[in-house]
Amino acid sequence: MSVGKGLIFLGPPGSRKGTQAQKLSKELTIPHISTGEMLREAIRNQTPLGQKAQAYVDLGELVPDELLLGLIEERLKQDDAKNGWILDGFPRNVPQAEFLAKLLQKLATFSQQAINLDVPDDVIIKRLLLRGRKDDNEDTIRRRLEVYREKTQPVLDYYSRQEKLSSINGDRQPEEVTKDLKAVVG
Ligand code: ADP
């Protein structure tokens, strides 16, 4: 069985990992799977998941794992994901990373590679205030950064220990970042 490329994009809010993921997804013709986007769509459509998730997203808190894990499993089993995918915004904590590892073992077709887009806090805050999404107000931004440090930083350590993590300086022109990303992804 061939081994598809499973790319995991990590990086704080405002690291522009979504933009980079989208670009790379087109070039590699593998789907870009953003849990933030999936949640925002569920909220827009007021689905049962959206209704449960809304308060967490508005406050910058992580949506509980049990709401998301099934969703990710279903998405990764879809036909368009069989040759690879880029995950953006997942995993966001160590239990999610462990769930993903188990799932991929079960599917037995993917190599995992995690990429961290590194951007200093002051740059992040400036970028997010300019972006102006509903959850891009100052309080929520501050909380999302805290949550990132508390919950997602350990995910970087998790992949680093397994020698599956590359870090890229995200505080540069987008084209420069893309160039490095492509080199790392190979
Ligand atoms: P950002 O990286 O800019 O914070 P995202 O679009 O990735 O934006 O996520 C927006 C919000 O969606 C998060 O603040 C969180 O509430 C929720 N969310 C996204 N992905 C996850 C996840 N894997 N686990 C829990 N909550 C998530």
# chains A, B, ... in the order shown; residues from 1 in each chain; ligands from 1
$ residues_near_ligand --ligand "ligand 1" --cutoff "8 Å" --atoms "only C-alpha atoms and all ligand atoms" --output "MDAnalysis selection string"
chainID A and resid 11:15 17:18 34:37 39:40 53 56:65 68 88:93 96 128 135 141 144
$ write_last_selection --atoms "N, CA, C and O atoms" --output "short mmCIF file (atom, residue, chain, number, x, y, z; two decimals), in the first residue's frame"
data_model
loop_
_atom_site.label_atom_id
_atom_site.label_comp_id
_atom_site.auth_asym_id
_atom_site.auth_seq_id
_atom_site.Cartn_x
_atom_site.Cartn_y
_atom_site.Cartn_z
N GLY A 11 1.38 26.04 14.90
CA GLY A 11 1.77 27.46 14.90
C GLY A 11 0.66 28.24 15.56
O GLY A 11 -0.50 27.86 15.48
N PRO A 12 1.02 29.34 16.22
CA PRO A 12 0.02 30.10 16.97
C PRO A 12 -1.02 30.74 16.05
O PRO A 12 -0.80 30.82 14.84
N PRO A 13 -2.14 31.20 16.65
CA PRO A 13 -3.10 31.97 15.86
C PRO A 13 -2.35 33.12 15.20
O PRO A 13 -1.46 33.71 15.83
N GLY A 14 -2.67 33.42 13.97
CA GLY A 14 -2.00 34.55 13.31
C GLY A 14 -0.66 34.18 12.71
O GLY A 14 0.03 35.04 12.18
N SER A 15 -0.29 32.90 12.75
CA SER A 15 0.99 32.52 12.14
C SER A 15 0.84 32.39 10.63
O SER A 15 1.81 32.16 9.93
N LYS A 17 -0.77 30.06 9.17
CA LYS A 17 -0.65 28.68 8.76
C LYS A 17 -1.79 28.27 7.84
O LYS A 17 -1.60 27.44 6.96
N GLY A 18 -2.96 28.88 8.03
CA GLY A 18 -4.10 28.59 7.16
C GLY A 18 -3.80 28.99 5.71
O GLY A 18 -4.06 28.22 4.78
N SER A 34 -9.16 22.24 7.83
CA SER A 34 -9.02 23.20 8.92
C SER A 34 -10.16 22.99 9.92
O SER A 34 -11.32 23.16 9.57
N THR A 35 -9.82 22.61 11.14
CA THR A 35 -10.89 22.39 12.13
C THR A 35 -11.57 23.71 12.48
O THR A 35 -12.77 23.74 12.73
N GLY A 36 -10.81 24.81 12.48
CA GLY A 36 -11.41 26.12 12.74
C GLY A 36 -12.48 26.43 11.69
O GLY A 36 -13.59 26.86 12.02
N GLU A 37 -12.16 26.18 10.41
CA GLU A 37 -13.11 26.42 9.33
C GLU A 37 -14.33 25.50 9.46
O GLU A 37 -15.47 25.92 9.26
N LEU A 39 -15.51 24.25 12.14
CA LEU A 39 -16.33 24.72 13.26
C LEU A 39 -17.10 25.98 12.89
O LEU A 39 -18.28 26.12 13.21
N ARG A 40 -16.40 26.91 12.19
CA ARG A 40 -17.11 28.15 11.81
C ARG A 40 -18.28 27.85 10.88
O ARG A 40 -19.34 28.45 10.99
N ALA A 53 -20.47 24.27 19.95
CA ALA A 53 -19.10 24.79 19.86
C ALA A 53 -19.03 26.31 20.01
O ALA A 53 -17.99 26.85 20.40
N TYR A 56 -17.42 28.23 23.04
CA TYR A 56 -15.98 27.99 23.20
C TYR A 56 -15.19 28.84 22.21
O TYR A 56 -14.19 29.46 22.57
N VAL A 57 -15.63 28.81 20.95
CA VAL A 57 -14.91 29.55 19.91
C VAL A 57 -14.94 31.05 20.23
O VAL A 57 -13.91 31.74 20.14
N ASP A 58 -16.10 31.55 20.65
CA ASP A 58 -16.22 32.99 20.96
C ASP A 58 -15.28 33.41 22.09
O ASP A 58 -14.81 34.53 22.13
N LEU A 59 -15.03 32.49 23.02
CA LEU A 59 -14.17 32.83 24.16
C LEU A 59 -12.70 32.52 23.91
O LEU A 59 -11.85 32.82 24.75
N GLY A 60 -12.40 31.86 22.80
CA GLY A 60 -11.01 31.49 22.52
C GLY A 60 -10.58 30.25 23.27
O GLY A 60 -9.39 29.97 23.40
N GLU A 61 -11.56 29.48 23.76
CA GLU A 61 -11.25 28.22 24.45
C GLU A 61 -11.28 27.08 23.44
O GLU A 61 -11.92 27.19 22.40
N LEU A 62 -10.60 25.97 23.77
CA LEU A 62 -10.69 24.82 22.89
C LEU A 62 -12.07 24.19 23.01
O LEU A 62 -12.62 24.07 24.11
N VAL A 63 -12.61 23.78 21.88
CA VAL A 63 -13.85 23.03 21.85
C VAL A 63 -13.53 21.63 22.42
O VAL A 63 -12.46 21.08 22.13
N PRO A 64 -14.42 21.06 23.27
CA PRO A 64 -14.10 19.76 23.88
C PRO A 64 -13.79 18.69 22.84
O PRO A 64 -14.44 18.62 21.80
N ASP A 65 -12.80 17.85 23.16
CA ASP A 65 -12.34 16.81 22.23
C ASP A 65 -13.48 15.95 21.71
O ASP A 65 -13.51 15.60 20.53
N LEU A 68 -15.03 16.92 18.54
CA LEU A 68 -14.21 17.05 17.34
C LEU A 68 -13.63 15.75 16.81
O LEU A 68 -13.40 15.62 15.61
N ASP A 88 -4.83 21.58 9.58
CA ASP A 88 -4.57 22.94 10.04
C ASP A 88 -5.44 23.20 11.26
O ASP A 88 -6.66 23.21 11.16
N GLY A 89 -4.82 23.33 12.42
CA GLY A 89 -5.60 23.58 13.65
C GLY A 89 -5.91 22.32 14.43
O GLY A 89 -6.63 22.37 15.43
N PHE A 90 -5.38 21.21 14.01
CA PHE A 90 -5.57 19.93 14.69
C PHE A 90 -4.31 19.11 14.50
O PHE A 90 -3.80 19.03 13.40
N PRO A 91 -3.74 18.49 15.53
CA PRO A 91 -4.16 18.48 16.93
C PRO A 91 -3.74 19.74 17.68
O PRO A 91 -2.72 20.33 17.40
N ARG A 92 -4.55 20.10 18.65
CA ARG A 92 -4.33 21.31 19.45
C ARG A 92 -3.97 20.99 20.89
O ARG A 92 -3.69 21.88 21.67
N ASN A 93 -4.04 19.71 21.26
CA ASN A 93 -3.58 19.29 22.59
C ASN A 93 -3.05 17.86 22.47
O ASN A 93 -3.25 17.20 21.42
N GLN A 96 -5.44 14.95 21.57
CA GLN A 96 -5.82 14.95 20.14
C GLN A 96 -4.69 14.35 19.31
O GLN A 96 -4.94 13.61 18.35
N LEU A 128 -3.49 39.77 14.07
CA LEU A 128 -4.87 39.34 14.36
C LEU A 128 -5.80 40.53 14.49
O LEU A 128 -6.95 40.48 14.05
N ASP A 135 -13.69 36.31 16.39
CA ASP A 135 -12.92 35.98 17.60
C ASP A 135 -11.56 36.66 17.62
O ASP A 135 -10.67 36.27 18.36
N ILE A 141 -8.08 37.13 21.68
CA ILE A 141 -6.73 36.88 21.16
C ILE A 141 -5.80 36.48 22.30
O ILE A 141 -5.05 35.50 22.22
N ARG A 144 -6.53 33.01 23.38
CA ARG A 144 -6.10 32.00 22.41
C ARG A 144 -4.59 31.78 22.49
O ARG A 144 -4.11 30.67 22.34
#
$ select_by_dssp --residues "segment 86-158 of chain A" --states "strand (DSSP E or B)" --output "list in words"
Ile86, Leu87, Asp88, Phe110, Ser111, Gln112, Gln113, Ala114, Ile115, Asn116, Leu117 and Asp118 of chain A
$ write_last_selection --atoms "N, CA and C atoms" --output "PDB file, in the first residue's frame"
ATOM      1  N   ILE A  86      -3.491  18.023   4.509  1.00  0.00           N
ATOM      2  CA  ILE A  86      -2.834  18.978   5.407  1.00  0.00           C
ATOM      3  C   ILE A  86      -3.816  19.307   6.514  1.00  0.00           C
ATOM      4  N   LEU A  87      -3.450  19.012   7.722  1.00  0.00           N
ATOM      5  CA  LEU A  87      -4.299  19.351   8.864  1.00  0.00           C
ATOM      6  C   LEU A  87      -3.870  20.708   9.410  1.00  0.00           C
ATOM      7  N   ASP A  88      -4.829  21.579   9.576  1.00  0.00           N
ATOM      8  CA  ASP A  88      -4.566  22.941  10.039  1.00  0.00           C
ATOM      9  C   ASP A  88      -5.442  23.196  11.262  1.00  0.00           C
ATOM     10  N   PHE A 110      -0.397   6.447   6.230  1.00  0.00           N
ATOM     11  CA  PHE A 110       0.141   7.798   6.249  1.00  0.00           C
ATOM     12  C   PHE A 110       1.429   7.945   7.033  1.00  0.00           C
ATOM     13  N   SER A 111       2.332   8.742   6.472  1.00  0.00           N
ATOM     14  CA  SER A 111       3.466   9.209   7.241  1.00  0.00           C
ATOM     15  C   SER A 111       3.022  10.521   7.883  1.00  0.00           C
ATOM     16  N   GLN A 112       3.487  10.812   9.067  1.00  0.00           N
ATOM     17  CA  GLN A 112       3.123  12.074   9.713  1.00  0.00           C
ATOM     18  C   GLN A 112       4.320  13.014   9.722  1.00  0.00           C
ATOM     19  N   GLN A 113       4.080  14.262   9.350  1.00  0.00           N
ATOM     20  CA  GLN A 113       5.132  15.268   9.471  1.00  0.00           C
ATOM     21  C   GLN A 113       4.499  16.537  10.025  1.00  0.00           C
ATOM     22  N   ALA A 114       5.048  17.035  11.122  1.00  0.00           N
ATOM     23  CA  ALA A 114       4.504  18.250  11.735  1.00  0.00           C
ATOM     24  C   ALA A 114       5.408  19.431  11.403  1.00  0.00           C
ATOM     25  N   ILE A 115       4.779  20.566  11.131  1.00  0.00           N
ATOM     26  CA  ILE A 115       5.536  21.770  10.791  1.00  0.00           C
ATOM     27  C   ILE A 115       5.049  22.916  11.657  1.00  0.00           C
ATOM     28  N   ASN A 116       5.996  23.569  12.310  1.00  0.00           N
ATOM     29  CA  ASN A 116       5.644  24.692  13.177  1.00  0.00           C
ATOM     30  C   ASN A 116       6.026  26.000  12.503  1.00  0.00           C
ATOM     31  N   LEU A 117       5.049  26.901  12.382  1.00  0.00           N
ATOM     32  CA  LEU A 117       5.350  28.247  11.886  1.00  0.00           C
ATOM     33  C   LEU A 117       5.556  29.142  13.094  1.00  0.00           C
ATOM     34  N   ASP A 118       6.770  29.576  13.246  1.00  0.00           N
ATOM     35  CA  ASP A 118       7.176  30.308  14.435  1.00  0.00           C
ATOM     36  C   ASP A 118       7.014  31.813  14.210  1.00  0.00           C
TER      37      ASP A 118
END
$ closest_residue --among "A:Met38, A:Ile8, A:Ala81, A:Val94" --to "Leu67 of chain A" --atoms "only C-alpha atoms"
A:Met38
$ select_by_dssp --residues "segment 4-185 of chain A" --states "helix (DSSP H, G or I)" --output "PyMOL selection string"
chain A and resi 17-28+35-44+48-59+65-76+79-81+94-107+121-131+138-161+174-185
$ closest_residue --among "A:Pro31, A:Thr19, A:Arg127, A:Ile168" --to "Lys182 of chain A" --atoms "only C-alpha atoms"
A:Ile168
$ residues_around --residues "Ala183 of chain A" --least-positions-apart "3" --cutoff "12 Å" --atoms "only C-alpha atoms" --output "PDB file with C-alpha atoms, in the first residue's frame"
ATOM      1  CA  LEU A  24       0.477  24.042  -0.411  1.00  0.00           C
ATOM      2  CA  ILE A 115       5.536  21.770  10.791  1.00  0.00           C
ATOM      3  CA  SER A 166      10.289  20.995  11.570  1.00  0.00           C
ATOM      4  CA  SER A 167      10.200  24.654  12.567  1.00  0.00           C
ATOM      5  CA  ILE A 168      10.027  27.490  10.072  1.00  0.00           C
ATOM      6  CA  GLU A 176       9.827  33.188   1.590  1.00  0.00           C
ATOM      7  CA  VAL A 177       7.830  31.084   4.031  1.00  0.00           C
ATOM      8  CA  THR A 178       6.281  29.074   1.187  1.00  0.00           C
ATOM      9  CA  LYS A 179       9.722  28.386  -0.262  1.00  0.00           C
ATOM     10  CA  ASP A 180      10.997  26.990   3.044  1.00  0.00           C
ATOM     11  CA  GLY A 186      10.085  17.644   0.012  1.00  0.00           C
TER      12      GLY A 186
END
$ closest_residue --among "A:Ile43, A:Ala55, A:Leu69, A:Val147" --to "Ala97 of chain A" --atoms "only C-alpha atoms"
A:Leu69
